[in-house]
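*Asks:* So that we are looking at the same thing, I have put the structure below in structure tokens.
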Amino acid sequence: MANGSWCAIVPMGKNGQKKIGAVLVQGGGIAGVQASLDLANAGFKVYLVEREAAIGGMMSHLDKTFPTGDCATCIVSPKLVECARNLNIEILTMSELTDLQGEPGHFRATIRRYPRYVDETRCNGCSECTNACPVQIPDHFDRELGQRKAIAKHYAQATPNIFGILKNGHSPCKVACPANVNIQGYVQLIKKKEYAKAVNLIRERNPLAAICGRICTHPCEAKCTRGKADDAVAIRLLKRFASDQEVEMLASGRLTLPPEKTPPAGARKVAVIGAGPAGLTVANDLADKGFAVTVYEAQPAAGGMLRYGIPEYRLPKKVLDHEVELIRRKGVRFVYNCRVGQDPTIEKLRQEHEAVFIGAGVTQGRRLGVEGENKSGVLQGVDFLRHAADKSSRPEVKARVVVIGGGNVAVDVARTALRLGARTVEMVSLEQRPEMPAYPEEVQATLHEGIKITNGWGPLRILGNGSVTGIELRRCTRVFDESKRFSPLYDEQQRLTREADQIITAIGQTSDETFVSHVGAQTQGRYFQADPVTLQTSLAGVFAGGDAVSGPKSVIEAVAAGQRAAESIERYLTGKDVTTQRFESTVKPVPEDLLPALADVEEKPRARAGELPVEQRLGTFLEVETGLTEEQALAETQRCLNCALCSECKECVEACKQNAIDHLMGERTVELEVGAVLLTTGFEEFDARRKGEFGWGRYPNVVTSVQFERMLSAAGPFEGHIVRLSDRRAAKRVAWIQCVGSRDSRCGNEYCSSICCMASTKQAMVAQDHTPGLEATIFYMTASAISRASPRGLSRCRGR
């Protein structure tokens, strides 16, 4: 092999055509390894193709060989090393032969190469990535008896000496999140106490981490796999915990604010109308991409309904100010007290900027449309909350307040009125309690504070001579029709009167019709019409998203719209296709059959946040929810089942000094020209669940033969100790049941496997060596072991 090149034998065919002097060996078990060595030493080029991440096959799982009793690793490891060093052998792991065309001597083999997510040419096997990885998952090499990191090698002597990452897709919580926040990733970082990193990971998809940690509707929790076993992981509370830790680190000097930036020279200009959650997200993302962003806001400060619609007892202003400041430091310019449509006009903005995003939100309340609505003492809920947010001009609240509505705004109005001095507050809702659109936890908090909720009644007319004295209600018998459309029916014969000094209506919100008309884009009612994928309006270069398009939705949905709009604007301004290969197309759900099994999940209580006592809430706007303690948060992270395996927290990326980690690595196909193919694919393990009468998967102390091999191995999960999985105590009596899955026409295997008797005999002997005094019993139909290998334990076997 001169100059390190491989040499090949080039035989001739019958017709004189040269045959290809290369061989493909499919299967990297001991047979494939030995065949590859023999062929390579004979001068052939060998492609050793193995589906797993390392060669060695089943022999690398064994504790001892049979009948000699030698260490299996000691036997196979030298061959693996020789195979890796042989210049005539090219090892293709994570690979599989998918197609073969041609004829003997001239084959074209198609090989599918699955992603390892680690560059094989860069990885030096240092294991720093494994040390940094926070994710513990069941180890399939140990047949789920032990744990491994999401990035690891199969075992210490694995060949090639290259690490790999296990991924199943993206976890249900990430898929359910409208903004596709990497929830599993930040939960794992919290588990490592890497709180700042956890918040930064959240902000990759949601710049309002601390805000959503308090008021997010957490649709992710509804899809949490853990919730099918006991309770969903407290995802929102963990987000808040990490964000609060960031603030504490900033206050203590352990962390500093990022430096202020300015847009690069010649940066392309983008205007954002509205500093609500959608507008803030667009500004944040485009500033990260190097655009010069100016946000035009009609109010004196940023936040939109976050500032002027959500009371401080739920979202303190200092939390909002912190998030806005982080966005401003990225070079975003804010122009306050600026109502677009008056000065500047939309035409002027389009002339001065290359793209415009409209995130103006829904700022006006809906009217009841009943008699007496114009009386003194009738207020709009949205206006009431806006004035209540300004400490210098809070509205006067009367003694008896009735709030009309059953949504979150109505709840906020009622609880705010109570804090501003109302003696009694009552909510009147068309919906029955289970149907109320307000979040259940907010309804419970309302009741806990002594506010009465009257369900199933709607306003008929407001009473009073000039000023409000009460309200007459009528029974609502149906809120929605068969197609789930809002279509209330009333029983006019059932009436109810409530005395009141003040009526506050909170039955919904809508956009500013004057502004919508001024823009001139196509609309659907009072909302802008935008492409559902790109969010582009009918005006060139003008995009819209959030409540301005959808109507009132949640904060996280507005953030998601901002994410989509920012991606579209960046593509639009850089000349890329705005419709294809978008971020959302990269989100791949974990297949249902690959989600963690729940049968063995140990029940653990979900963390509950503390709350301010009721007596301390009245007359103040102190935050009610106090969050999790560090002890609670760390315990809660342990409840995550790591559905996706790898969490993509990027800790391995930071730890790898070789820059070998590539989380975007994809599947690829290679073609090889070979003269012959050798199949050494080994065997498939029988799925013991198909023989339910033996209880594998239901009874913890029933294991398969391969699981028992890993139990016997000194390098296995129990370091060679034979234990009962039910209590991890030493096993004293072990029974082997033969012919499970073979000699059975119901399982499709009518033949004898020819190996089980010898394997069980070996295992019984080794088990007795490991545990003196262990009783080993083998239940069999016919003993097919080689006669010279009859073990001392065979005298204890019983036939059936």
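Naming works like this for the structure tokens: A, B, ... for the chains as they're shown, residue 1 at the start of each chain, ligands 1 onward in shown order.
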Write out as a PyMOL selection string each polymer residue whose atoms come within 9 Å of range 106-123 of chain A, counting only C-alpha atoms; drop sequence neighbours fewer than 6 positions from it.
*Replies:* chain A and resi 18-20+24+49+51+53+92-100+160-166+656+658-677
*Asks:* List every residue of range 203-404 of chain A that DSSP, applied to the backbone, labels as strand (DSSP E), and write the result as a VMD selection string.
*Replies:* chain A and resid 269 to 273 292 to 296 333 to 335 355 to 358 364 to 365 378 to 380 400 to 404
*Asks:* So, counting only C-alpha atoms, which residue among A:Ala764, A:Val282, A:Ala292, A:Ala410 is closest to Ala267 in chain A?
*Replies:*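 Nearest to Ala267 in chain A: A:Ala292.
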*Asks:* For Asp285 in chain A, which of A:Ile310, A:Ala561, A:Met59, A:Ala156 is the closest residue, counting only C-alpha atoms?
*Replies:* A:Ala561
*Asks:* With only C-alpha atoms as the counted atoms, please give the residues lying no more than 12 Å from Leu37 in chain A, apart from itself and same-chain residues fewer than 2 positions off, as an MDAnalysis selection string.
*Replies:* chainID A and resid 23 25 28 30:35 39:48 78:91
*Asks:* Expressed in Å to a single decimal, how great is the separation between CA of Leu634 in chain A and CA of Gly610 in chain A?
*Replies:*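 Pair CA of Leu634 in chain A / CA of Gly610 in chain A returns 15.9 Å.
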*Asks:* Set the distance at 9 Å and use only C-alpha atoms: which residues neighbour Asp231 in chain A once local chain neighbours fewer than 2 positions away are removed? I'd like the list as a ChimeraX atom specification.
*Replies:* /A:224,226-229,233-234,603-606
*Asks:* Restricting the calculation to only C-alpha atoms, which member of A:Glu246, A:Asp600, A:Glu297, A:Glu648 is positioned closest to Ala150 in chain A?
*Replies:* A:Glu648
*Asks:* Residues within 9 Å of Leu315 in chain A, please, as a list in words. Count only C-alpha atoms; anything in the same chain fewer than 3 positions from it doesn't count.
*Replies:*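 The residues satisfying every condition are Ile211, Arg214, Ile215, Leu306, Arg307, Ile310, Pro311, Glu312, Lys318, Val319, Leu320 and Glu623 of chain A.
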*Asks:* Suppose we keep N, CA and C atoms; can you now write the selection as a PDB file, in the first residue's frame?
*Replies:*
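Everything below was put into selection-v5.pdb:
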ATOM      1  N   ILE A 211     -42.401  38.346  30.258  1.00  0.00           N
ATOM      2  CA  ILE A 211     -43.829  38.661  30.154  1.00  0.00           C
ATOM      3  C   ILE A 211     -44.644  37.385  29.998  1.00  0.00           C
ATOM      4  N   ARG A 214     -45.400  35.131  32.824  1.00  0.00           N
ATOM      5  CA  ARG A 214     -46.465  35.526  33.737  1.00  0.00           C
ATOM      6  C   ARG A 214     -47.859  35.382  33.139  1.00  0.00           C
ATOM      7  N   ILE A 215     -48.025  35.726  31.880  1.00  0.00           N
ATOM      8  CA  ILE A 215     -49.392  35.824  31.345  1.00  0.00           C
ATOM      9  C   ILE A 215     -49.644  34.939  30.130  1.00  0.00           C
ATOM     10  N   LEU A 306     -50.246  45.149  26.726  1.00  0.00           N
ATOM     11  CA  LEU A 306     -49.447  44.635  27.835  1.00  0.00           C
ATOM     12  C   LEU A 306     -49.304  45.689  28.923  1.00  0.00           C
ATOM     13  N   ARG A 307     -49.193  46.946  28.515  1.00  0.00           N
ATOM     14  CA  ARG A 307     -49.027  48.041  29.472  1.00  0.00           C
ATOM     15  C   ARG A 307     -50.366  48.641  29.882  1.00  0.00           C
ATOM     16  N   ILE A 310     -53.317  45.085  30.788  1.00  0.00           N
ATOM     17  CA  ILE A 310     -53.096  44.029  31.779  1.00  0.00           C
ATOM     18  C   ILE A 310     -52.640  44.676  33.083  1.00  0.00           C
ATOM     19  N   PRO A 311     -53.387  44.504  34.158  1.00  0.00           N
ATOM     20  CA  PRO A 311     -53.056  45.173  35.421  1.00  0.00           C
ATOM     21  C   PRO A 311     -51.715  44.718  35.984  1.00  0.00           C
ATOM     22  N   GLU A 312     -51.155  45.589  36.830  1.00  0.00           N
ATOM     23  CA  GLU A 312     -49.829  45.313  37.393  1.00  0.00           C
ATOM     24  C   GLU A 312     -49.808  44.113  38.318  1.00  0.00           C
ATOM     25  N   LYS A 318     -42.318  47.071  35.636  1.00  0.00           N
ATOM     26  CA  LYS A 318     -40.866  46.950  35.583  1.00  0.00           C
ATOM     27  C   LYS A 318     -40.434  45.737  34.752  1.00  0.00           C
ATOM     28  N   VAL A 319     -41.257  44.701  34.729  1.00  0.00           N
ATOM     29  CA  VAL A 319     -40.958  43.523  33.899  1.00  0.00           C
ATOM     30  C   VAL A 319     -41.080  43.893  32.425  1.00  0.00           C
ATOM     31  N   LEU A 320     -42.145  44.592  32.073  1.00  0.00           N
ATOM     32  CA  LEU A 320     -42.338  45.044  30.697  1.00  0.00           C
ATOM     33  C   LEU A 320     -41.225  46.000  30.285  1.00  0.00           C
ATOM     34  N   GLU A 623     -47.929  42.216  42.779  1.00  0.00           N
ATOM     35  CA  GLU A 623     -48.069  41.007  41.975  1.00  0.00           C
ATOM     36  C   GLU A 623     -48.592  39.861  42.839  1.00  0.00           C
TER      37      GLU A 623
END
*Asks:* Quick one: everything within 12 Å of Asn180 in chain A, counting only C-alpha atoms, minus sequence neighbours fewer than 4 positions away in the same chain. Send it as a PDB file with C-alpha atoms, in the first residue's frame.
*Replies:*
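Wrote result-v3.pdb, looks like this:
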ATOM      1  CA  HIS A 170     -39.407  18.187  18.005  1.00  0.00           C
ATOM      2  CA  SER A 171     -41.276  17.735  21.243  1.00  0.00           C
ATOM      3  CA  PRO A 172     -45.073  18.194  21.410  1.00  0.00           C
ATOM      4  CA  CYS A 173     -44.683  21.299  23.586  1.00  0.00           C
ATOM      5  CA  LYS A 174     -42.540  23.059  20.968  1.00  0.00           C
ATOM      6  CA  VAL A 175     -44.924  22.074  18.186  1.00  0.00           C
ATOM      7  CA  ALA A 176     -47.916  23.333  20.184  1.00  0.00           C
ATOM      8  CA  GLN A 184     -37.462  21.240  26.177  1.00  0.00           C
ATOM      9  CA  GLY A 185     -34.165  23.021  25.584  1.00  0.00           C
ATOM     10  CA  LEU A 201     -32.757  30.284  24.251  1.00  0.00           C
ATOM     11  CA  ILE A 202     -36.342  31.399  24.887  1.00  0.00           C
ATOM     12  CA  ARG A 203     -35.600  34.756  23.277  1.00  0.00           C
ATOM     13  CA  GLU A 204     -34.443  33.091  20.081  1.00  0.00           C
ATOM     14  CA  ARG A 205     -38.157  32.661  19.340  1.00  0.00           C
ATOM     15  CA  ASN A 206     -39.837  34.916  21.894  1.00  0.00           C
ATOM     16  CA  HIS A 218     -49.395  28.074  27.760  1.00  0.00           C
ATOM     17  CA  PRO A 219     -50.970  25.919  25.004  1.00  0.00           C
ATOM     18  CA  CYS A 220     -47.725  23.927  25.241  1.00  0.00           C
ATOM     19  CA  ILE A 556     -47.899  34.283  22.413  1.00  0.00           C
ATOM     20  CA  GLU A 557     -50.010  34.247  19.237  1.00  0.00           C
ATOM     21  CA  VAL A 559     -45.404  37.020  19.156  1.00  0.00           C
ATOM     22  CA  ALA A 560     -45.735  34.171  16.652  1.00  0.00           C
ATOM     23  CA  ALA A 561     -47.268  36.545  14.105  1.00  0.00           C
ATOM     24  CA  GLN A 563     -41.916  36.099  14.060  1.00  0.00           C
ATOM     25  CA  ARG A 564     -43.574  35.187  10.759  1.00  0.00           C
ATOM     26  CA  PHE A 583     -38.943  28.323   9.662  1.00  0.00           C
ATOM     27  CA  GLU A 584     -42.215  26.552  10.361  1.00  0.00           C
ATOM     28  CA  SER A 585     -41.332  23.931   7.749  1.00  0.00           C
ATOM     29  CA  THR A 586     -38.328  22.901   9.878  1.00  0.00           C
ATOM     30  CA  VAL A 587     -40.497  21.944  12.856  1.00  0.00           C
ATOM     31  CA  LYS A 588     -40.944  18.165  12.738  1.00  0.00           C
ATOM     32  CA  PRO A 589     -43.167  16.595  15.416  1.00  0.00           C
TER      33      PRO A 589
END
*Asks:* Mind giving me the straight-line distance from CA of Ala544 in chain A to CA of Phe357 in chain A in Å, one decimal?
*Replies:*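 Atom-to-atom, CA of Ala544 in chain A to CA of Phe357 in chain A, that is 5.4 Å.
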*Asks:* Identify, on the basis of only C-alpha atoms, every residue whose closest approach to Ala565 in chain A does not exceed 12 Å; exclude the query and any residue fewer than 2 positions from it along the same chain; express the result as a ChimeraX atom specification.
*Replies:* /A:179,270,272,278-286,355-359,530-537,541-546,549,558-563,567-572,578-579,582-583
*Asks:* For the structure I just gave you, how does DSSP split range 120-360 of chain A - specifically, which residues are helix (DSSP H, G or I)? Reply as a PyMOL selection string.
*Replies:* chain A and resi 128-132+172-176+183-191+195-203+209-215+219-222+225-228+235-252+277-288+305-308+317-328+346-352
*Asks:* Could the residues of range 201-306 of chain A that have an atom at most 12 Å from range 364-386 of chain A be listed as a Markdown table, each with its closest atom pair and the distance in Å to one decimal, counting only C-alpha atoms and ordered by chain and ascending residue number?
*Replies:*
| residue | atom | partner | partner_atom | distance |
| --- | --- | --- | --- | --- |
| A:Gln299 | CA | A:Arg386 | CA | 10.3 |
| A:Pro300 | CA | A:Arg386 | CA | 11.9 |
| A:Gly303 | CA | A:Arg386 | CA | 11.9 |
| A:Gly304 | CA | A:Arg386 | CA | 9.8 |
| A:Met305 | CA | A:Arg386 | CA | 8.3 |
| A:Leu306 | CA | A:Arg386 | CA | 10.3 |
*Asks:* Of the candidates A:Glu615, A:Glu248, A:Glu625, A:Asp491, which shows the shortest atom-to-atom distance to Pro316 in chain A, using only C-alpha atoms?
*Replies:* A:Glu625
*Asks:* Quick one: of A:Arg617, A:Gly464, A:Gly102, A:Lys553, who's nearest to Gly421 in chain A, counting only C-alpha atoms?
*Replies:* A:Arg617
